[in-house]
Each structure stands twice: as structure tokens, then as C-alpha cells.
Amino acid sequence: MEACQVARKQDLPPPGGYKPIPYKRVPAKTLFSGYTMFAGYFGITAFAMYLYSLNYKQILRDQIEMRSAKMAIYPMLLAERDRAYLKQLRKNRDAEAELMKDVPGWEVGTYYGEKVYKLLPPDTLVEPIFHEYYAHSRSWEWFQRAYLKLRS
Amino acid sequence: MVLTADVHLPEESELTVPELQLSSPALFAGSFHLGKYCEQANNEFMLCRLEEGDPRKCLKEGKAVTACTMEFFRKVKQSCLQEFNQYANCIDKSSGDYSLKQCRTTQGVFDKCVLDKMNIERPGFGYFCEARVHDTKRPKPLPEPKAVYPDATPALPENAEKKPARFGSRFYWMTE
């Protein structure tokens with residue numbers, strides 16, 4: 001047979017044999033021992049906590065300073081607000097009297113003479129709720145105040 | 001509205017005083033020295049406001065507060081306007097919440113000017129957060145008297161006969 005005559009080369013090891021299989025462990029270089037790493041962890045953490053505490057105290061101081069500044073100007077703002085508020089209350093009451101003057105039996109601040117708080121002494125200032133306070137204003141002003149949070 | 005004609009509300013003329021025309025950065029810039037300068041008036045007003053709980057009763061004190069504040073800022077304007085404006089400008093533009101910590105340099109300049117010319121030292125950072133005792137001449141408001149109800153159920157007389165309970169105690173598991 002013709003095909004059987006072709007010289008075939010058998011797959012054999014290289015001359016001199018295969019290289020030995022590298023089965024020995026090559027351990028990573030140990031920079032730190034276990035104890036050193038634990039000590040390093042605690043050391044770095046302690047130092048970081050010290051830095052954190054410095055920062056924490058500084059932030060606390062700044063917050064207290066801001067609160068202090070606000071409390072220093074608060075009496076002035078409150079005094080101003082009180083006057084504006086009382087002015088507006090009087091305007092509201094006058095507006096109600098003007099609006100309801102043609103309605104027989106209507107008394108200002110009551111429902112045909114029936115008070116909201118009948119047990120309170122007559123000269124008690126009850127702060128009206130938001131919708132009553134804005135009752136005689138334009139609806140846009142009411143909206144602006146009511147949805148202030150959405151816009152700011 | 002809840003306000004009847006019996007409620008006394010002051011006239012507009014009683015409530016109109018010259019008000020401060022300053023923006024928030026300016027108020028924050030002057031806050032510490034202002035608080036120190038007007039400490040007496042502020043304490044008087046806040047004590048009144050908290051004790052009385054009624055804005056109508058503290059209008060006089062409130063006007064004193066506003067007058068004192070006006071006086072303080074007028075003095076600042078006379079003596080340290082340049083430094084004050086610089087500091088307020090810094091507070092306005094350095095942060096979104098007027099924080100004072102961004103402006104220590106300009107603050108130092110302003111503090112020094114106020115100390116030299118108006119002789120007000122800047123109080124410590126938490127000075128206005130501390131609790132304080134204020135001595136006032138205004139009489140303390142009386143406590144609310146105890147309510148008297150004319151239709152209350154009359155109590156038993158002192159010497160009424162008190163028989164033992166006919167069916168034992170309701171709390172027999174506790175008292176026996």
C-alpha cells in the first residue's frame with residue numbers, strides 16, 4: 001500500500017527529557033507579620049479617630065456659633081414680626097367687618113354671634129389658623145406662602 | 001376669623017416704628033456684637049414674650065429692641081462701615097447659609113475695628129446659646145387660677161357613713 005510507505009514522525013519528548021514540573025510553593029514576600037498588621041490597623045484607626053474627633057469638634061463649634069448668631073438677632077426679628085402680625089390681624093378683622101356689613105345678625109369673629117372659644121376671657125388673642133389669616137388676601141399670595149417649601 | 005370685636009388690637013399708628021432695612025448677611029455680620037450691645041433689651045423682650053405669651057403685651061419692649069438695634073447699626077455705620085461691608089459681603093458670597101466660618105479674616109478685621117472704636121468685645125462662639133438669668137422690674141404674670149365649675153357634683157360630707165362594700169372589692173385579686 002502506497003500510503004503506508006510515508007515515514008511518520010512520532011511525537012516524542014525533547015532531547016534531554018521534559019523540564020521538571022515546578023510544583024514548589026513560591027510564597028509572597030512577607031512585608032509585615034500578622035502582629036504588625038494588627039498593630040498597624042489599630043494604630044491607623046486610633047489616629048484616624050483622633051483626626052475625626054478634631055473635625056467633629058470643629059463642626060460642633062461652627063454649628064453652635066451659627067445657632068448663637070441666630071439667637072442674637074432673633075429678638076429683633078420677633079419684635080418686628082409681632083408688629084407686622086398685629087397690623088395684619090387688625091386689617092383682617094376690618095376687612096371681615098367691611099365684607100359682612102350687609103349681612104343681618106353677623107358679628108365679627110363669630111358665626112352669627114356664636115363664638116369659637118366661648119370659655120376664654122373676651123380679650124384673649126387666639127392666633128388664627130393659616131387659612132383664616134390669608135382669607136382676605138389674593139389667592140396667589142396664599143399659594144406663594146403655602147407652597148414656599150416647594151419653591152425654596 | 002376667631003378675633004371678635006372684644007379683642008383689643010392696637011392701632012396701626014401704635015405699631016409703626018422705623019424698622020430695620022437690612023438683609024440677612026448684614027444681620028449675621030453684626031449679630032454677635034448686636035447681641036452683646038442690646039443684651040438687656042433683648043433679654044427683657046424675650047422674657048416678656050415667653051412669660052406673657054401674647055405679642056400685644058410686649059410691644060413696648062419690642063420697640064425698645066428695635067430702637068437699640070437701629071442705634072447699634074447706626075454706630076457701626078459711623079465707625080466701621082468699610083470693615084462691616086467687607087465682612088457682610090464675605091458672609092453673603094462664601095456660602096449658601098451665611099455661615100461665619102468661611103470669613104475669619106474679614107471677621108478679625110471687623111472685630112478689631114468694633115473693639116477699638118465702639119469698645120465692644122466679640123463674645124465667645126456659644127455665648128447666646130447659654131442659659132441666662134435676667135432680673136426684671138416687670139411684675140410676673142399671675143398663674144392661671146384654678147377653674148371653678150358651678151355645676152360640679154357636690155362631695156360627700158365629712159361625717160358621712162361609709163359602709164363596707166356590699167359585694168366585696170372589685171380588686172379582690174389584688175387586695176385579699
# chains A, B, ... in the order shown; residues from 1 in each chain; ligands from 1
call {"tool": "closest_atom_pairs", "arguments": {"of": "chain B", "to": "chain A", "cutoff": "9 Å", "atoms": "only C-alpha atoms", "output": "Markdown table"}}
result
| residue | atom | partner | partner_atom | distance |
| --- | --- | --- | --- | --- |
| B:Met1 | CA | A:Gly109 | CA | 4.9 |
| B:Val2 | CA | A:Gly109 | CA | 4.8 |
| B:Leu3 | CA | A:Gly109 | CA | 4.8 |
| B:Thr4 | CA | A:Gly109 | CA | 4.1 |
| B:Ala5 | CA | A:Val108 | CA | 6.2 |
| B:Asp6 | CA | A:Pro122 | CA | 6.0 |
| B:Val7 | CA | A:Asp123 | CA | 4.5 |
| B:His8 | CA | A:Asp123 | CA | 6.4 |
| B:Leu9 | CA | A:Arg90 | CA | 6.2 |
| B:Pro10 | CA | A:Leu86 | CA | 7.2 |
| B:Glu11 | CA | A:Lys87 | CA | 7.5 |
| B:Glu12 | CA | A:Lys87 | CA | 5.9 |
| B:Leu15 | CA | A:Arg83 | CA | 5.6 |
| B:Thr16 | CA | A:Arg83 | CA | 7.7 |
| B:Glu19 | CA | A:Glu80 | CA | 7.3 |
| B:Leu20 | CA | A:Glu80 | CA | 8.6 |
| B:Leu27 | CA | A:Ile73 | CA | 7.1 |
| B:Phe28 | CA | A:Ala69 | CA | 6.4 |
| B:Ala29 | CA | A:Ala69 | CA | 8.7 |
| B:Gly30 | CA | A:Ala69 | CA | 8.8 |
| B:Ser31 | CA | A:Ala69 | CA | 5.4 |
| B:Phe32 | CA | A:Ala69 | CA | 6.0 |
| B:His33 | CA | A:Ala72 | CA | 8.8 |
| B:Leu34 | CA | A:Ala72 | CA | 7.1 |
| B:Gly35 | CA | A:Ala72 | CA | 4.7 |
| B:Lys36 | CA | A:Ala72 | CA | 8.2 |
| B:Glu39 | CA | A:Ala72 | CA | 8.6 |
| B:Ala41 | CA | A:Pro75 | CA | 8.9 |
| B:Asn42 | CA | A:Pro75 | CA | 5.7 |
| B:Asn43 | CA | A:Pro75 | CA | 8.2 |
| B:Phe45 | CA | A:Pro75 | CA | 7.0 |
| B:Met46 | CA | A:Pro75 | CA | 6.4 |
| B:Asp54 | CA | A:Leu125 | CA | 7.2 |
| B:Pro55 | CA | A:Asp82 | CA | 5.9 |
| B:Arg56 | CA | A:Leu86 | CA | 7.7 |
| B:Cys58 | CA | A:Ala79 | CA | 8.5 |
| B:Leu59 | CA | A:Arg83 | CA | 7.6 |
| B:Glu61 | CA | A:Ala79 | CA | 8.3 |
| B:Gly62 | CA | A:Ala79 | CA | 4.7 |
| B:Lys63 | CA | A:Ala79 | CA | 7.1 |
| B:Val65 | CA | A:Met76 | CA | 5.9 |
| B:Thr66 | CA | A:Met76 | CA | 5.8 |
| B:Thr69 | CA | A:Met76 | CA | 7.2 |
| B:Tyr98 | CA | A:Met66 | CA | 8.6 |
| B:Ser99 | CA | A:Met66 | CA | 6.7 |
| B:Leu100 | CA | A:Met66 | CA | 7.1 |
| B:Lys101 | CA | A:Asp62 | CA | 6.6 |
| B:Gly124 | CA | A:Glu65 | CA | 8.5 |
| B:Phe125 | CA | A:Glu65 | CA | 4.8 |
| B:Gly126 | CA | A:Glu65 | CA | 5.7 |
| B:Tyr127 | CA | A:Ser68 | CA | 6.6 |
| B:Phe128 | CA | A:Ser68 | CA | 4.8 |
| B:Cys129 | CA | A:Ser68 | CA | 5.4 |
| B:Glu130 | CA | A:Ser68 | CA | 8.8 |
call {"tool": "select_by_dssp", "arguments": {"residues": "chain B", "states": "alpha helix (DSSP H)", "output": "JSON, numbers by chain"}}
result
{"B": [12, 13, 14, 15, 24, 25, 26, 27, 28, 29, 30, 31, 32, 33, 34, 35, 36, 37, 39, 40, 41, 42, 43, 44, 45, 46, 47, 48, 49, 50, 51, 52, 59, 60, 61, 62, 63, 64, 65, 66, 67, 68, 69, 70, 71, 72, 73, 74, 75, 76, 77, 78, 79, 80, 81, 82, 83, 84, 85, 86, 87, 88, 89, 90, 91, 92, 93, 94, 104, 105, 106, 107, 108, 109, 110, 111, 112, 113, 114, 115, 116, 117, 172, 173, 174, 175]}
call {"tool": "atom_distance", "arguments": {"atom1": "CA of Ser79 in chain B", "atom2": "CA of Gln21 in chain B"}}
result
18.7 Å
call {"tool": "atom_distance", "arguments": {"atom1": "CA of Lys75 in chain B", "atom2": "CA of Met118 in chain B"}}
result
7.8 Å
call {"tool": "closest_residue", "arguments": {"among": "A:Ala95, A:Val103, A:Ala28, A:Ile44", "to": "Tyr134 in chain A", "atoms": "only C-alpha atoms"}}
result
A:Ala95
call {"tool": "residues_around", "arguments": {"residues": "range 107-114 of chain B", "least_positions_apart": "4", "cutoff": "7 Å", "atoms": "only C-alpha atoms", "output": "list in words"}}
result
Cys80, Glu83, Phe84, Tyr87, Cys103, Met118, Asn119, Ile120 and Arg122 of chain B
